[in-house]
$ cat run.csv   # CSV, N, CA and C atoms
chain,number,residue,atom,x,y,z
A,1,MET,N,45.3,-123.7,-82.4
A,1,MET,CA,44.6,-122.6,-83.1
A,1,MET,C,43.3,-123.1,-83.7
A,2,ALA,N,42.2,-122.6,-83.2
A,2,ALA,CA,40.9,-122.9,-83.7
A,2,ALA,C,40.5,-122.1,-84.9
A,3,LEU,N,39.9,-122.7,-85.9
A,3,LEU,CA,39.5,-122.0,-87.1
A,3,LEU,C,37.9,-122.0,-87.1
A,4,SER,N,37.4,-120.9,-87.5
A,4,SER,CA,35.9,-120.8,-87.6
A,4,SER,C,35.6,-121.3,-89.0
A,5,ASN,N,34.3,-121.5,-89.3
A,5,ASN,CA,33.8,-121.8,-90.6
A,5,ASN,C,34.2,-120.8,-91.6
A,6,ASP,N,34.1,-119.5,-91.2
A,6,ASP,CA,34.5,-118.4,-92.1
A,6,ASP,C,36.0,-118.4,-92.4
A,7,ASP,N,36.8,-118.8,-91.4
A,7,ASP,CA,38.3,-118.9,-91.7
A,7,ASP,C,38.5,-120.0,-92.8
A,8,VAL,N,37.9,-121.2,-92.6
A,8,VAL,CA,38.0,-122.3,-93.6
A,8,VAL,C,37.6,-121.8,-94.9
A,9,HIS,N,36.4,-121.2,-95.0
A,9,HIS,CA,35.9,-120.7,-96.3
A,9,HIS,C,36.9,-119.8,-97.0
A,10,GLU,N,37.4,-118.8,-96.2
A,10,GLU,CA,38.4,-117.9,-96.7
A,10,GLU,C,39.6,-118.5,-97.2
A,11,ILE,N,40.2,-119.5,-96.5
A,11,ILE,CA,41.4,-120.2,-96.9
A,11,ILE,C,41.1,-120.9,-98.3
A,12,LEU,N,39.9,-121.6,-98.3
A,12,LEU,CA,39.6,-122.3,-99.5
A,12,LEU,C,39.3,-121.4,-100.7
A,13,ARG,N,38.7,-120.2,-100.4
A,13,ARG,CA,38.5,-119.2,-101.5
A,13,ARG,C,39.8,-118.7,-102.0
A,14,ILE,N,40.8,-118.4,-101.2
A,14,ILE,CA,42.1,-117.9,-101.6
A,14,ILE,C,42.8,-118.9,-102.4
A,15,ILE,N,42.8,-120.2,-102.0
A,15,ILE,CA,43.4,-121.2,-102.8
A,15,ILE,C,42.7,-121.4,-104.1
A,16,ASP,N,41.4,-121.4,-104.1
A,16,ASP,CA,40.7,-121.6,-105.4
A,16,ASP,C,41.0,-120.4,-106.4
A,17,ASP,N,41.2,-119.2,-105.9
A,17,ASP,CA,41.4,-118.1,-106.7
A,17,ASP,C,42.9,-117.9,-107.1
A,18,SER,N,43.8,-118.8,-106.5
A,18,SER,CA,45.2,-118.6,-106.8
A,18,SER,C,45.6,-119.7,-107.8
A,19,PRO,N,46.8,-119.5,-108.4
A,19,PRO,CA,47.4,-120.5,-109.3
A,19,PRO,C,48.0,-121.7,-108.6
A,20,LEU,N,48.0,-121.7,-107.3
A,20,LEU,CA,48.6,-122.8,-106.5
A,20,LEU,C,47.8,-124.1,-106.7
A,21,ALA,N,48.4,-125.2,-106.8
A,21,ALA,CA,47.8,-126.5,-106.9
A,21,ALA,C,47.7,-127.2,-105.5
A,22,GLU,N,48.6,-126.7,-104.6
A,22,GLU,CA,48.7,-127.4,-103.3
A,22,GLU,C,49.2,-126.3,-102.3
A,23,LEU,N,48.8,-126.4,-101.1
A,23,LEU,CA,49.2,-125.6,-100.0
A,23,LEU,C,49.3,-126.4,-98.7
A,24,ALA,N,50.4,-126.2,-98.0
A,24,ALA,CA,50.6,-126.8,-96.7
A,24,ALA,C,51.0,-125.7,-95.7
A,25,ILE,N,50.3,-125.7,-94.6
A,25,ILE,CA,50.6,-124.7,-93.5
A,25,ILE,C,50.8,-125.5,-92.2
A,26,GLU,N,51.9,-125.3,-91.5
A,26,GLU,CA,52.2,-126.0,-90.3
A,26,GLU,C,52.7,-125.0,-89.3
A,27,THR,N,52.0,-125.0,-88.1
A,27,THR,CA,52.5,-124.2,-87.0
A,27,THR,C,52.4,-125.1,-85.8
A,28,GLU,N,52.8,-124.6,-84.6
A,28,GLU,CA,52.7,-125.4,-83.4
A,28,GLU,C,51.3,-125.6,-83.1
A,29,GLY,N,50.9,-126.9,-83.1
A,29,GLY,CA,49.5,-127.3,-82.8
A,29,GLY,C,48.5,-127.2,-83.9
A,30,PHE,N,49.0,-126.9,-85.1
A,30,PHE,CA,48.1,-126.7,-86.3
A,30,PHE,C,48.8,-127.2,-87.5
A,31,SER,N,48.0,-127.9,-88.4
A,31,SER,CA,48.5,-128.4,-89.6
A,31,SER,C,47.4,-128.4,-90.6
A,32,LEU,N,47.6,-127.9,-91.8
A,32,LEU,CA,46.6,-127.8,-92.9
A,32,LEU,C,47.3,-128.2,-94.2
A,33,HIS,N,46.7,-129.1,-94.9
A,33,HIS,CA,47.2,-129.5,-96.3
A,33,HIS,C,46.0,-129.5,-97.2
A,34,VAL,N,46.1,-128.7,-98.2
A,34,VAL,CA,45.0,-128.6,-99.2
A,34,VAL,C,45.5,-128.8,-100.6
A,35,ARG,N,44.9,-129.7,-101.4
A,35,ARG,CA,45.3,-129.9,-102.7
A,35,ARG,C,44.1,-129.8,-103.7
A,36,LYS,N,44.2,-129.0,-104.7
A,36,LYS,CA,43.2,-128.8,-105.7
A,36,LYS,C,43.1,-130.1,-106.5
A,37,GLY,N,41.8,-130.5,-106.8
A,37,GLY,CA,41.6,-131.6,-107.7
A,37,GLY,C,42.3,-132.9,-107.2
A,38,ALA,N,42.2,-133.2,-105.9
A,38,ALA,CA,42.8,-134.4,-105.4
A,38,ALA,C,42.3,-135.6,-106.0
A,39,ALA,N,43.1,-136.6,-106.3
A,39,ALA,CA,42.7,-137.8,-106.9
A,39,ALA,C,41.7,-138.5,-106.0
A,40,GLY,N,40.7,-139.2,-106.6
A,40,GLY,CA,39.8,-139.9,-105.8
A,40,GLY,C,38.7,-139.1,-105.2
A,41,SER,N,38.5,-137.9,-105.7
A,41,SER,CA,37.4,-137.1,-105.2
A,41,SER,C,36.7,-136.4,-106.3
A,42,GLY,N,35.6,-135.7,-106.0
A,42,GLY,CA,34.9,-135.0,-107.1
A,42,GLY,C,33.8,-135.9,-107.7
A,43,PRO,N,33.1,-135.4,-108.7
A,43,PRO,CA,32.0,-136.1,-109.2
A,43,PRO,C,32.3,-137.3,-110.0
A,44,ASP,N,33.6,-137.5,-110.5
A,44,ASP,CA,34.0,-138.6,-111.3
A,44,ASP,C,34.7,-139.7,-110.5
A,45,ALA,N,34.7,-139.6,-109.2
A,45,ALA,CA,35.4,-140.5,-108.3
A,45,ALA,C,34.6,-141.8,-108.3
A,46,PRO,N,35.3,-143.0,-108.1
A,46,PRO,CA,34.6,-144.3,-108.1
A,46,PRO,C,33.5,-144.3,-107.0
A,47,GLY,N,32.4,-144.9,-107.2
A,47,GLY,CA,31.3,-145.0,-106.2
A,47,GLY,C,30.4,-143.7,-106.2
A,48,THR,N,30.7,-142.8,-107.0
A,48,THR,CA,29.9,-141.6,-107.1
A,48,THR,C,28.9,-141.6,-108.2
A,49,ALA,N,27.7,-141.3,-108.0
A,49,ALA,CA,26.7,-141.3,-109.0
A,49,ALA,C,27.0,-140.2,-110.0
A,50,PRO,N,26.9,-140.5,-111.3
A,50,PRO,CA,27.2,-139.4,-112.3
A,50,PRO,C,26.1,-138.4,-112.2
A,51,PRO,N,26.4,-137.1,-112.6
A,51,PRO,CA,25.4,-136.1,-112.5
A,51,PRO,C,24.2,-136.4,-113.4
A,52,ALA,N,23.1,-136.0,-113.0
A,52,ALA,CA,21.9,-136.2,-113.8
A,52,ALA,C,21.9,-135.4,-115.1
A,53,PRO,N,21.3,-135.8,-116.2
A,53,PRO,CA,21.3,-135.0,-117.3
A,53,PRO,C,20.6,-133.7,-117.0
A,54,PRO,N,21.1,-132.6,-117.6
A,54,PRO,CA,20.5,-131.3,-117.2
A,54,PRO,C,19.0,-131.3,-117.4
A,55,ASP,N,18.3,-130.8,-116.5
A,55,ASP,CA,16.8,-130.6,-116.6
A,55,ASP,C,16.6,-129.1,-116.1
A,56,ASP,N,16.2,-128.3,-117.0
A,56,ASP,CA,16.0,-126.9,-116.7
A,56,ASP,C,15.2,-126.6,-115.5
A,57,ASP,N,14.3,-127.5,-115.2
A,57,ASP,CA,13.4,-127.3,-114.1
A,57,ASP,C,14.0,-127.7,-112.7
A,58,GLN,N,15.0,-128.5,-112.8
A,58,GLN,CA,15.6,-129.0,-111.5
A,58,GLN,C,16.7,-128.1,-111.0
A,59,VAL,N,17.0,-128.1,-109.7
A,59,VAL,CA,18.0,-127.3,-109.1
A,59,VAL,C,19.0,-128.2,-108.4
A,60,THR,N,20.3,-127.8,-108.5
A,60,THR,CA,21.3,-128.6,-107.9
A,60,THR,C,21.7,-128.0,-106.6
A,61,ILE,N,21.8,-128.8,-105.6
A,61,ILE,CA,22.3,-128.4,-104.3
A,61,ILE,C,23.8,-128.8,-104.3
A,62,SER,N,24.7,-127.8,-104.2
A,62,SER,CA,26.1,-128.0,-104.4
A,62,SER,C,26.8,-128.0,-103.0
A,63,ALA,N,28.0,-128.6,-103.0
A,63,ALA,CA,28.8,-128.6,-101.7
A,63,ALA,C,29.3,-127.2,-101.5
A,64,PRO,N,29.1,-126.6,-100.3
A,64,PRO,CA,29.6,-125.3,-100.0
A,64,PRO,C,31.1,-125.3,-99.6
A,65,MET,N,31.7,-126.5,-99.5
A,65,MET,CA,33.1,-126.6,-99.1
A,65,MET,C,33.6,-127.9,-99.4
A,66,ILE,N,34.9,-128.1,-99.3
A,66,ILE,CA,35.6,-129.4,-99.4
A,66,ILE,C,35.4,-130.1,-98.1
A,67,GLY,N,35.1,-131.4,-98.2
A,67,GLY,CA,35.0,-132.2,-97.0
A,67,GLY,C,34.5,-133.6,-97.2
A,68,THR,N,34.0,-134.2,-96.2
A,68,THR,CA,33.4,-135.5,-96.3
A,68,THR,C,31.9,-135.4,-96.2
A,69,PHE,N,31.1,-136.0,-97.1
A,69,PHE,CA,29.7,-135.9,-97.2
A,69,PHE,C,29.1,-137.0,-96.4
A,70,TYR,N,28.1,-136.6,-95.5
A,70,TYR,CA,27.4,-137.6,-94.7
A,70,TYR,C,25.9,-137.3,-94.9
A,71,ARG,N,25.1,-138.4,-95.1
A,71,ARG,CA,23.7,-138.2,-95.3
A,71,ARG,C,22.9,-138.2,-94.0
A,72,ALA,N,23.5,-138.6,-92.9
A,72,ALA,CA,22.8,-138.7,-91.6
A,72,ALA,C,23.8,-138.2,-90.5
A,73,GLU,N,23.2,-137.9,-89.3
A,73,GLU,CA,24.0,-137.4,-88.2
A,73,GLU,C,24.9,-138.5,-87.7
A,74,ALA,N,24.6,-139.7,-87.8
A,74,ALA,CA,25.4,-140.8,-87.3
A,74,ALA,C,25.0,-142.1,-88.2
A,75,PRO,N,25.9,-143.1,-88.2
A,75,PRO,CA,25.7,-144.2,-89.1
A,75,PRO,C,24.4,-145.0,-88.7
A,76,TRP,N,23.9,-145.0,-87.5
A,76,TRP,CA,22.7,-145.7,-87.1
A,76,TRP,C,21.5,-144.8,-87.3
A,77,LYS,N,21.6,-143.6,-87.7
A,77,LYS,CA,20.5,-142.7,-87.8
A,77,LYS,C,20.0,-142.7,-89.3
A,78,GLU,N,18.7,-142.3,-89.4
A,78,GLU,CA,18.1,-142.2,-90.8
A,78,GLU,C,18.7,-141.1,-91.5
A,79,PRO,N,18.8,-141.1,-92.9
A,79,PRO,CA,19.4,-140.0,-93.6
A,79,PRO,C,18.4,-138.8,-93.5
A,80,PHE,N,19.1,-137.6,-93.6
A,80,PHE,CA,18.3,-136.4,-93.5
A,80,PHE,C,17.2,-136.4,-94.6
A,81,VAL,N,17.6,-136.7,-95.8
A,81,VAL,CA,16.6,-136.8,-96.9
A,81,VAL,C,16.9,-138.0,-97.8
A,82,SER,N,16.0,-138.4,-98.6
A,82,SER,CA,16.1,-139.5,-99.5
A,82,SER,C,15.4,-139.1,-100.8
A,83,VAL,N,15.6,-139.9,-101.9
A,83,VAL,CA,14.9,-139.6,-103.1
A,83,VAL,C,13.4,-139.6,-102.8
A,84,GLY,N,12.7,-138.6,-103.2
A,84,GLY,CA,11.3,-138.5,-103.0
A,84,GLY,C,10.9,-137.6,-101.8
A,85,SER,N,11.9,-137.3,-100.9
A,85,SER,CA,11.7,-136.4,-99.8
A,85,SER,C,11.4,-135.0,-100.2
A,86,ARG,N,10.4,-134.4,-99.6
A,86,ARG,CA,10.0,-133.1,-99.8
A,86,ARG,C,10.6,-132.2,-98.8
A,87,GLY,N,11.2,-131.0,-99.1
A,87,GLY,CA,11.8,-130.2,-98.1
A,87,GLY,C,11.6,-128.7,-98.4
A,88,GLU,N,12.0,-127.9,-97.5
A,88,GLU,CA,11.9,-126.5,-97.6
A,88,GLU,C,13.3,-125.9,-97.7
A,89,PRO,N,13.5,-124.6,-97.9
A,89,PRO,CA,14.8,-124.0,-98.0
A,89,PRO,C,15.7,-124.2,-96.8
A,90,ASP,N,15.1,-124.3,-95.6
A,90,ASP,CA,15.9,-124.4,-94.4
A,90,ASP,C,16.0,-125.9,-94.0
A,91,THR,N,15.5,-126.9,-94.8
A,91,THR,CA,15.6,-128.3,-94.5
A,91,THR,C,17.1,-128.7,-94.6
A,92,ILE,N,17.6,-129.3,-93.5
A,92,ILE,CA,19.0,-129.8,-93.6
A,92,ILE,C,19.0,-131.1,-94.4
A,93,VAL,N,19.9,-131.1,-95.4
A,93,VAL,CA,19.9,-132.2,-96.4
A,93,VAL,C,21.1,-133.2,-96.1
A,94,CYS,N,22.2,-132.6,-95.5
A,94,CYS,CA,23.4,-133.5,-95.2
A,94,CYS,C,24.3,-132.7,-94.3
A,95,ILE,N,25.4,-133.4,-94.0
A,95,ILE,CA,26.5,-132.7,-93.2
A,95,ILE,C,27.7,-132.9,-94.0
A,96,ILE,N,28.6,-131.9,-94.0
A,96,ILE,CA,29.9,-132.0,-94.6
A,96,ILE,C,30.9,-131.8,-93.5
A,97,GLU,N,31.8,-132.8,-93.3
A,97,GLU,CA,32.8,-132.7,-92.2
A,97,GLU,C,34.0,-132.1,-92.9
A,98,ALA,N,34.5,-131.0,-92.3
A,98,ALA,CA,35.7,-130.3,-92.8
A,98,ALA,C,36.6,-130.0,-91.6
A,99,MET,N,37.8,-130.6,-91.5
A,99,MET,CA,38.7,-130.3,-90.5
A,99,MET,C,38.1,-130.6,-89.1
A,100,LYS,N,37.4,-131.8,-89.0
A,100,LYS,CA,36.8,-132.2,-87.8
A,100,LYS,C,35.6,-131.4,-87.3
A,101,MET,N,35.1,-130.5,-88.2
A,101,MET,CA,34.0,-129.7,-87.9
A,101,MET,C,32.8,-130.2,-88.7
A,102,MET,N,31.7,-130.4,-88.1
A,102,MET,CA,30.5,-130.9,-88.8
A,102,MET,C,29.7,-129.7,-89.2
A,103,ASN,N,29.5,-129.5,-90.5
A,103,ASN,CA,28.8,-128.4,-91.1
A,103,ASN,C,27.5,-128.8,-91.7
A,104,SER,N,26.3,-128.4,-91.2
A,104,SER,CA,25.0,-128.7,-91.8
A,104,SER,C,24.8,-128.0,-93.1
A,105,VAL,N,24.3,-128.7,-94.1
A,105,VAL,CA,24.0,-128.0,-95.4
A,105,VAL,C,22.5,-128.0,-95.5
A,106,SER,N,21.9,-126.8,-95.7
A,106,SER,CA,20.5,-126.6,-96.0
A,106,SER,C,20.2,-126.7,-97.4
A,107,ALA,N,19.0,-127.1,-97.8
A,107,ALA,CA,18.5,-127.2,-99.2
A,107,ALA,C,18.6,-125.9,-99.9
A,108,GLY,N,18.2,-124.8,-99.3
A,108,GLY,CA,18.2,-123.5,-100.0
A,108,GLY,C,17.1,-123.4,-101.0
A,109,VAL,N,16.3,-124.4,-101.2
A,109,VAL,CA,15.2,-124.4,-102.1
A,109,VAL,C,14.1,-125.4,-101.6
A,110,ALA,N,12.8,-125.0,-101.9
A,110,ALA,CA,11.7,-125.9,-101.6
A,110,ALA,C,11.6,-126.9,-102.8
A,111,GLY,N,11.3,-128.1,-102.5
A,111,GLY,CA,11.1,-129.1,-103.6
A,111,GLY,C,11.3,-130.5,-103.1
A,112,THR,N,11.3,-131.4,-104.1
A,112,THR,CA,11.4,-132.8,-103.9
A,112,THR,C,12.8,-133.3,-104.4
A,113,VAL,N,13.5,-134.1,-103.6
A,113,VAL,CA,14.8,-134.6,-104.0
A,113,VAL,C,14.5,-135.7,-105.1
A,114,VAL,N,15.2,-135.5,-106.2
A,114,VAL,CA,15.1,-136.5,-107.3
A,114,VAL,C,16.3,-137.3,-107.5
A,115,GLN,N,17.5,-136.8,-107.0
A,115,GLN,CA,18.7,-137.6,-107.1
A,115,GLN,C,19.7,-137.2,-106.0
A,116,ILE,N,20.4,-138.2,-105.5
A,116,ILE,CA,21.5,-138.0,-104.6
A,116,ILE,C,22.8,-138.3,-105.4
A,117,CYS,N,23.6,-137.3,-105.5
A,117,CYS,CA,24.7,-137.3,-106.5
A,117,CYS,C,26.0,-137.9,-106.0
A,118,CYS,N,26.1,-138.2,-104.7
A,118,CYS,CA,27.3,-138.7,-104.1
A,118,CYS,C,27.0,-139.8,-103.1
A,119,GLU,N,28.0,-140.6,-102.8
A,119,GLU,CA,27.9,-141.7,-101.8
A,119,GLU,C,28.1,-141.2,-100.4
A,120,ASN,N,27.5,-141.8,-99.4
A,120,ASN,CA,27.7,-141.4,-98.0
A,120,ASN,C,29.2,-141.7,-97.6
A,121,ALA,N,29.7,-140.8,-96.8
A,121,ALA,CA,31.1,-140.9,-96.3
A,121,ALA,C,32.2,-140.7,-97.3
A,122,GLU,N,31.8,-140.2,-98.5
A,122,GLU,CA,32.8,-140.0,-99.6
A,122,GLU,C,33.3,-138.5,-99.6
A,123,PRO,N,34.5,-138.2,-100.0
A,123,PRO,CA,35.0,-136.8,-100.0
A,123,PRO,C,34.3,-136.1,-101.2
A,124,VAL,N,34.0,-134.8,-101.0
A,124,VAL,CA,33.4,-134.0,-102.0
A,124,VAL,C,34.3,-132.7,-102.2
A,125,GLU,N,34.3,-132.2,-103.4
A,125,GLU,CA,35.0,-131.0,-103.7
A,125,GLU,C,34.1,-129.8,-103.5
A,126,TYR,N,34.6,-128.6,-103.4
A,126,TYR,CA,33.8,-127.4,-103.4
A,126,TYR,C,33.0,-127.3,-104.6
A,127,ASP,N,31.7,-127.0,-104.5
A,127,ASP,CA,30.8,-126.9,-105.6
A,127,ASP,C,30.4,-128.2,-106.3
A,128,ALA,N,30.8,-129.3,-105.8
A,128,ALA,CA,30.3,-130.6,-106.3
A,128,ALA,C,28.8,-130.8,-106.1
A,129,PRO,N,28.1,-131.3,-107.1
A,129,PRO,CA,26.7,-131.6,-106.9
A,129,PRO,C,26.4,-132.6,-105.8
A,130,LEU,N,25.6,-132.3,-104.9
A,130,LEU,CA,25.2,-133.2,-103.8
A,130,LEU,C,23.8,-133.8,-104.1
A,131,PHE,N,22.9,-133.0,-104.5
A,131,PHE,CA,21.5,-133.4,-104.7
A,131,PHE,C,20.9,-132.6,-105.9
A,132,ARG,N,19.9,-133.3,-106.6
A,132,ARG,CA,19.1,-132.6,-107.6
A,132,ARG,C,17.7,-132.5,-107.0
A,133,VAL,N,17.1,-131.4,-107.1
A,133,VAL,CA,15.8,-131.1,-106.5
A,133,VAL,C,14.8,-130.6,-107.6
A,134,ASP,N,13.6,-131.1,-107.6
A,134,ASP,CA,12.6,-130.6,-108.4
A,134,ASP,C,11.8,-129.6,-107.6
A,135,PRO,N,11.9,-128.3,-107.9
A,135,PRO,CA,11.2,-127.3,-107.1
A,135,PRO,C,9.7,-127.2,-107.3
A,136,ALA,N,9.1,-128.1,-108.2
A,136,ALA,CA,7.7,-128.0,-108.5
A,136,ALA,C,6.9,-128.5,-107.3

$ encode --input "run.csv" --output "structure tokens"
Amino acid sequence: MALSNDDVHEILRIIDDSPLAELAIETEGFSLHVRKGAAGSGPDAPGTAPPAPPDDDQVTISAPMIGTFYRAEAPWKEPFVSVGSRGEPDTIVCIIEAMKMMNSVSAGVAGTVVQICCENAEPVEYDAPLFRVDPA
């Protein structure tokens, strides 16, 4: 059973809005296990940069889904952006892998990257800060 990005987003939204802490679905040829607040993930996980102090002028690019954060298309490729990179709203800043699907994440804002908030190949939670951008 193939799931679209919209299906995954809807499942995650339902779980996020529910009192459930964990959900497991298994059918023939398909298995899904989701846990809220899984240990070892999120902004306080080891190896993750702490969020920058709030700066009213900066914008946070947040994770649109739960998955694995990748800064580049492949380990041997250059990162999409680095600190100091200037981008536009449609600039791809990273990839989040969710259920073996690679999902490009666009900046959504024009500006200069001032902080990368998580480590490459680390799990991220929904709405976790990925980048801080100075829109000036």

$ atom_distance --input "run.csv" --atom1 "atom C of Ser85 (chain A)" --atom2 "atom N of Met101 (chain A)"
26.9 Å

$ residues_near_point --input "run.csv" --point "(10.7, -140.9, -102.3)" --cutoff "12 Å" --atoms "only C-alpha atoms" --output "PyMOL selection string"
chain A and resi 81-87+111-116+133

$ residues_around --input "run.csv" --residues "Ser104 (chain A)" --least-positions-apart "6" --cutoff "9 Å" --atoms "only C-alpha atoms" --output "mmCIF file with N, CA and C atoms, in the frame of the given file"
data_model
loop_
_atom_site.group_PDB
_atom_site.id
_atom_site.type_symbol
_atom_site.label_atom_id
_atom_site.label_comp_id
_atom_site.auth_asym_id
_atom_site.auth_seq_id
_atom_site.Cartn_x
_atom_site.Cartn_y
_atom_site.Cartn_z
ATOM 1 N N ILE A 92 17.600 -129.300 -93.500
ATOM 2 C CA ILE A 92 19.000 -129.800 -93.600
ATOM 3 C C ILE A 92 19.000 -131.100 -94.400
ATOM 4 N N VAL A 93 19.900 -131.100 -95.400
ATOM 5 C CA VAL A 93 19.900 -132.200 -96.400
ATOM 6 C C VAL A 93 21.100 -133.200 -96.100
ATOM 7 N N CYS A 94 22.200 -132.600 -95.500
ATOM 8 C CA CYS A 94 23.400 -133.500 -95.200
ATOM 9 C C CYS A 94 24.300 -132.700 -94.300
ATOM 10 N N ILE A 95 25.400 -133.400 -94.000
ATOM 11 C CA ILE A 95 26.500 -132.700 -93.200
ATOM 12 C C ILE A 95 27.700 -132.900 -94.000
ATOM 13 N N ILE A 96 28.600 -131.900 -94.000
ATOM 14 C CA ILE A 96 29.900 -132.000 -94.600
ATOM 15 C C ILE A 96 30.900 -131.800 -93.500
ATOM 16 N N GLU A 97 31.800 -132.800 -93.300
ATOM 17 C CA GLU A 97 32.800 -132.700 -92.200
ATOM 18 C C GLU A 97 34.000 -132.100 -92.900
#

$ closest_residue --input "run.csv" --among "A:Val59, A:Met65, A:Val34, A:Ala72" --to "His9 (chain A)" --atoms "all atoms listed in the file"
A:Met65

$ atom_distance --input "run.csv" --atom1 "atom C of Pro123 (chain A)" --atom2 "atom N of Pro64 (chain A)"
10.9 Å

$ atom_distance --input "run.csv" --atom1 "CA of Pro75 (chain A)" --atom2 "CA of Ser4 (chain A)"
25.6 Å

$ closest_residue --input "run.csv" --among "A:Gln58, A:Ala98, A:Ala121, A:Thr91" --to "Ala136 (chain A)" --atoms "only C-alpha atoms"
A:Gln58

$ closest_residue --input "run.csv" --among "A:Pro135, A:Asp90, A:Glu78, A:Arg71" --to "Cys117 (chain A)" --atoms "only C-alpha atoms"
A:Arg71

$ closest_residue --input "run.csv" --among "A:Met99, A:Leu23, A:Ile11, A:Leu130" --to "Ile61 (chain A)" --atoms "only N, CA and C atoms"
A:Leu130
